[in-house]
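Engineer: Next comes query-v8.cif, mmCIF, C-alpha atoms:
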data_run
#
loop_
_atom_site.group_PDB
_atom_site.id
_atom_site.type_symbol
_atom_site.label_atom_id
_atom_site.label_comp_id
_atom_site.auth_asym_id
_atom_site.auth_seq_id
_atom_site.Cartn_x
_atom_site.Cartn_y
_atom_site.Cartn_z
ATOM 1 C CA MET A 1 32.765 233.570 87.439
ATOM 2 C CA ASN A 2 35.678 231.143 87.232
ATOM 3 C CA GLU A 3 33.311 228.278 86.339
ATOM 4 C CA PHE A 4 31.832 230.370 83.532
ATOM 5 C CA ILE A 5 35.272 230.973 82.025
ATOM 6 C CA GLU A 6 36.204 227.286 82.294
ATOM 7 C CA GLY A 7 32.913 226.270 80.664
ATOM 8 C CA PHE A 8 33.392 228.819 77.907
ATOM 9 C CA ILE A 9 36.905 227.547 77.162
ATOM 10 C CA LYS A 10 35.698 223.932 77.134
ATOM 11 C CA GLY A 11 32.827 224.798 74.767
ATOM 12 C CA ALA A 12 35.110 226.784 72.480
ATOM 13 C CA LYS A 13 37.467 223.816 72.170
ATOM 14 C CA GLU A 14 34.670 221.332 71.394
ATOM 15 C CA THR A 15 32.663 223.471 68.979
ATOM 16 C CA PRO A 16 35.083 223.430 66.004
ATOM 17 C CA ARG A 17 35.223 219.630 66.092
ATOM 18 C CA GLY A 18 31.446 219.338 66.181
ATOM 19 C CA PHE A 19 31.013 221.876 63.399
ATOM 20 C CA PHE A 20 33.714 220.761 61.010
ATOM 21 C CA ALA A 21 33.303 216.982 61.322
ATOM 22 C CA PRO A 22 30.100 216.839 59.203
ATOM 23 C CA ALA A 23 31.548 219.347 56.726
ATOM 24 C CA ILE A 24 34.715 217.264 56.291
ATOM 25 C CA ALA A 25 32.681 214.057 55.910
ATOM 26 C CA LEU A 26 30.539 215.705 53.236
ATOM 27 C CA TRP A 27 33.647 216.986 51.430
ATOM 28 C CA ILE A 28 35.217 213.500 51.427
ATOM 29 C CA LEU A 29 31.978 212.029 50.080
ATOM 30 C CA LEU A 30 31.837 214.661 47.337
ATOM 31 C CA VAL A 31 35.452 214.105 46.306
ATOM 32 C CA SER A 32 35.178 210.305 46.272
ATOM 33 C CA THR A 33 31.941 210.419 44.275
ATOM 34 C CA THR A 34 33.484 212.816 41.760
ATOM 35 C CA ASP A 35 36.539 210.583 41.418
ATOM 36 C CA ARG A 36 34.332 207.557 40.717
ATOM 37 C CA ILE A 37 32.303 209.420 38.093
ATOM 38 C CA VAL A 38 35.427 210.694 36.345
ATOM 39 C CA ALA A 39 36.995 207.232 36.416
ATOM 40 C CA LYS A 40 33.869 205.685 34.830
ATOM 41 C CA THR A 41 33.729 208.259 32.044
ATOM 42 C CA SER A 42 37.460 207.938 31.335
ATOM 43 C CA LYS A 43 37.202 204.249 30.430
#
Would you mind writing the structure in this file as structure tokens?

Structural biologist:
Amino acid sequence: MNEFIEGFIKGAKETPRGFFAPAIALWILLVSTTDRIVAKTSK
């Protein structure tokens, strides 16, 4: 039972990183692309 709890805690700590990393990368890509488009149209 103790190993189950340790495994659960380890998985719970790793899951947010694995889930949010692609979402953050996509958000950064979206923001940088939007900035470039706005900068081109402002000229």

Engineer: Padding 3 Å on every side, please: axis-aligned box over the listed atoms of stretch 12-21 of chain A, centre and edge lengths to one decimal in Å, as lines of an AutoDock Vina configuration file.

Structural biologist:
center_x = 34.2
center_y = 221.9
center_z = 66.7
size_x = 12.5
size_y = 15.8
size_z = 17.5

Engineer: Do you have the atom CA of A:Phe20-atom CA of A:Asp35 distance handy?

Structural biologist: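 Spanning atom CA of A:Phe20 to atom CA of A:Asp35 is a straight-line distance of 22.3 Å.
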
Engineer: Provide the atom CA of A:Leu30 to atom CA of A:Gly18 distance in Å, to one decimal place.

Structural biologist: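 Taking atom CA of A:Leu30 as the start and atom CA of A:Gly18 as the end point, the length is 19.4 Å.
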
Engineer: How many Å separate atom CA of A:Thr15 from atom CA of A:Val31?

Structural biologist: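 Value for the atom CA of A:Thr15-atom CA of A:Val31 distance: 24.7 Å.
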